[in-house]
Amino acid sequence: MTEFLRSFATGSLDLLLRVFLIVVPIMVALELFEGTRAFRAVVRWWARIVRHVGLDERSAAPTLIGFLFGLAYGGGVIVRDVRRHDLGRRQVFIMSVFLSMVHAVVEDSLIFLALGASIFWVVVYRIVWAALVTLALTALAAVVLRRRRLRDVRRGD
Amino acid sequence: MAGPDDNIPGAPLPRPREGFGATVRRDLRIGVVAGLQTFWDLTKVMIPAYGITLALEQLGVIGRLANAARPLMEALGLPGDAAVPLVVGYVLNIYAAVGSMQALDLTARQVTVLAVAILIGHNLVVEGAVLHKAGMNGFVFGALRVVAGLAAAIVANQLMGLF
């Protein structure tokens, strides 16, 4: 038990430190550059790409952060923007599916490339797969929601 | 001062009239506050999730799950022992998974297939907690990542066999 508590304490501190050292600089940088022309150009460029999986311009920045740095950090920006811009549930769903399939492309991919994995399968294939899964699940969710609404209408709710 | 960007959802907060220095100071302050707020949001969900993860590991759940997953490895063209890094990745994280992969003797193709499965599904408890915080169901997304990751690995293995 003491062993458990000791690893929990050191592990938690390690985790918190890592999150702190990444989240606070990302948020500060985001706040500083969010209004600049260059940042908005990058976000608009990214928005043109992620539009194909159903994400709108408001979702582009959180998706880009998650895609590059990781789910926890992207998730943090999502939580912030849900609060600030009232992103719809549909957008949060699409972002969550896409990011849960592919995130932290640089760091996570590099670890496996170092082990000898092929860059095509680890990066390109994974992004294509993420897009396909996102499109499929969004379509599925739309069907489920429509059915549920029809059922509610028939019931007279 | 109403700018053209006002009222557009997702547009940055309106700029104050002050000079560059004041704007930077204001953005720094908002950024630090937003950073600390996000850090606290993540802390609240990540630390309990990390405790659960650690308990799962120390209770030997990883070993049992890996044994259960052994037969599945054949569908991926992997040896049964590859279930260990996969489950370690699911419960813990990518670094732990890579660590336990070192113990195995895998071909480049097998490393790639295993990498695809682990890259899609890993750190499910902690990352599931983050998704939960964003308003999604962490359990459903955990299951989704396991299934979609294995499916992606199976498809990748088959496609690699063709070329």
# chains A, B, ... in the order shown; residues from 1 in each chain; ligands from 1

$ residues_around --residues "B:Val98" --least-positions-apart "3" --cutoff "12 Å" --atoms "only C-alpha atoms" --output "compact mmCIF listing (two decimals) with C-alpha atoms, in the first residue's frame"
# COMPACT_ATOMS: atom_id res chain seq x y z
CA ASP A 108 3.71 9.85 -30.64
CA SER A 109 4.71 8.98 -34.20
CA LEU A 110 8.40 9.71 -33.58
CA ILE A 111 8.52 7.20 -30.72
CA PHE A 112 7.42 4.40 -33.02
CA LEU A 113 9.49 5.57 -35.97
CA ALA A 114 12.49 5.25 -33.66
CA LEU A 115 11.51 1.61 -33.15
CA GLY A 116 11.52 1.03 -36.90
CA ALA A 117 7.83 1.45 -37.79
CA ALA B 82 2.51 -8.79 -28.39
CA VAL B 84 1.41 -7.38 -23.40
CA PRO B 85 2.60 -4.06 -24.93
CA LEU B 86 -0.85 -3.57 -26.42
CA VAL B 87 -2.63 -3.87 -23.06
CA VAL B 88 0.14 -1.92 -21.30
CA GLY B 89 -0.50 0.84 -23.84
CA TYR B 90 -4.27 0.71 -23.30
CA LEU B 92 -0.81 3.07 -19.16
CA ASN B 93 0.64 5.03 -22.07
CA ILE B 94 2.70 4.91 -25.22
CA TYR B 95 6.04 5.11 -23.42
CA MET B 101 7.88 -3.85 -26.88
CA GLN B 102 11.66 -3.81 -26.46
CA ALA B 103 11.41 -7.23 -24.82
CA LEU B 104 9.90 -8.76 -27.97
CA VAL B 111 6.30 -3.28 -35.25
CA LEU B 114 1.40 -3.01 -33.41
CA ALA B 115 2.27 0.71 -33.61
CA ILE B 118 -1.28 1.36 -29.94
CA LEU B 119 -1.23 4.83 -31.54
CA HIS B 122 -3.61 4.17 -25.51

$ interface_residues --of "chain A" --to "chain B" --cutoff "7 Å" --atoms "only C-alpha atoms" --output "NGL selection string"
:A and (8 or 12 or 16 or 19-20 or 23-24 or 27-28 or 31-32 or 34-35 or 58 or 71-72 or 75-76 or 78-79 or 85 or 96 or 100-102 or 112 or 116-118 or 121-122)

$ write_last_selection --atoms "C-alpha atoms" --output "CSV table (one decimal), in the first residue's frame"
chain,number,residue,atom,x,y,z
A,8,PHE,CA,0.9,7.5,-7.0
A,12,SER,CA,0.9,12.4,-10.1
A,16,LEU,CA,0.9,17.5,-13.2
A,19,VAL,CA,0.6,19.0,-18.1
A,20,PHE,CA,1.4,22.4,-16.4
A,23,VAL,CA,-0.8,23.7,-21.0
A,24,VAL,CA,0.1,27.1,-19.6
A,27,MET,CA,-2.7,28.8,-23.6
A,28,VAL,CA,-0.5,31.9,-23.3
A,31,GLU,CA,-4.0,34.1,-26.4
A,32,LEU,CA,-1.1,36.1,-27.8
A,34,GLU,CA,-4.9,34.1,-31.8
A,35,GLY,CA,-5.7,37.5,-33.1
A,58,ARG,CA,-14.5,27.5,-34.6
A,71,LEU,CA,-5.5,14.8,-26.7
A,72,ALA,CA,-5.2,16.2,-23.2
A,75,GLY,CA,-9.1,18.6,-24.9
A,76,GLY,CA,-8.2,21.5,-22.7
A,78,ILE,CA,-11.9,22.3,-26.4
A,79,VAL,CA,-13.1,22.7,-22.8
A,85,HIS,CA,-17.8,30.1,-27.8
A,96,SER,CA,-13.5,14.0,-30.1
A,100,SER,CA,-9.2,10.1,-30.3
A,101,MET,CA,-8.1,8.4,-33.6
A,102,VAL,CA,-5.1,10.7,-34.2
A,112,PHE,CA,7.4,4.4,-33.0
A,116,GLY,CA,11.5,1.0,-36.9
A,117,ALA,CA,7.8,1.4,-37.8
A,118,SER,CA,7.0,2.7,-41.3
A,121,TRP,CA,1.4,3.6,-41.9
A,122,VAL,CA,2.1,5.4,-38.7

$ closest_residue --among "A:Arg51, A:Ile22, A:Gln91, A:Phe39" --to "A:Tyr73" --atoms "only C-alpha atoms"
A:Ile22

$ select_by_dssp --residues "stretch 1-117 of chain B" --states "helix (DSSP H, G or I)" --output "ChimeraX atom specification"
/B:20-58,61-76,80-91,94-101,108-117

$ residues_around --residues "A:Val53" --least-positions-apart "4" --cutoff "10 Å" --atoms "only C-alpha atoms" --output "ChimeraX atom specification"
/A:49,94-95,98,130-136,138

$ atom_distance --atom1 "atom CA of A:Val97" --atom2 "atom CA of A:Leu137"
8.0 Å

$ atom_distance --atom1 "atom CA of B:Gly80" --atom2 "atom CA of B:Ala66"
8.8 Å

$ atom_distance --atom1 "atom CA of A:Gly88" --atom2 "atom CA of A:Ala29"
24.9 Å

$ closest_residue --among "B:Val125, B:Ala83, B:Ala143, B:Leu159" --to "B:Gly63" --atoms "only C-alpha atoms"
B:Ala83

$ residues_around --residues "A:Gly70" --least-positions-apart "6" --cutoff "9 Å" --atoms "only C-alpha atoms" --output "NGL selection string"
:A and (99 or 102-105 or 107-108)

$ write_last_selection --atoms "C-alpha atoms" --output "mmCIF file, in the first residue's frame"
data_model
loop_
_atom_site.group_PDB
_atom_site.id
_atom_site.type_symbol
_atom_site.label_atom_id
_atom_site.label_comp_id
_atom_site.auth_asym_id
_atom_site.auth_seq_id
_atom_site.Cartn_x
_atom_site.Cartn_y
_atom_site.Cartn_z
ATOM 1 C CA LEU A 99 -8.743 13.419 -32.088
ATOM 2 C CA VAL A 102 -5.132 10.692 -34.242
ATOM 3 C CA HIS A 103 -3.405 13.163 -31.930
ATOM 4 C CA ALA A 104 0.090 14.257 -30.982
ATOM 5 C CA VAL A 105 1.195 13.237 -34.480
ATOM 6 C CA GLU A 107 5.658 13.122 -30.589
ATOM 7 C CA ASP A 108 3.710 9.846 -30.641
#
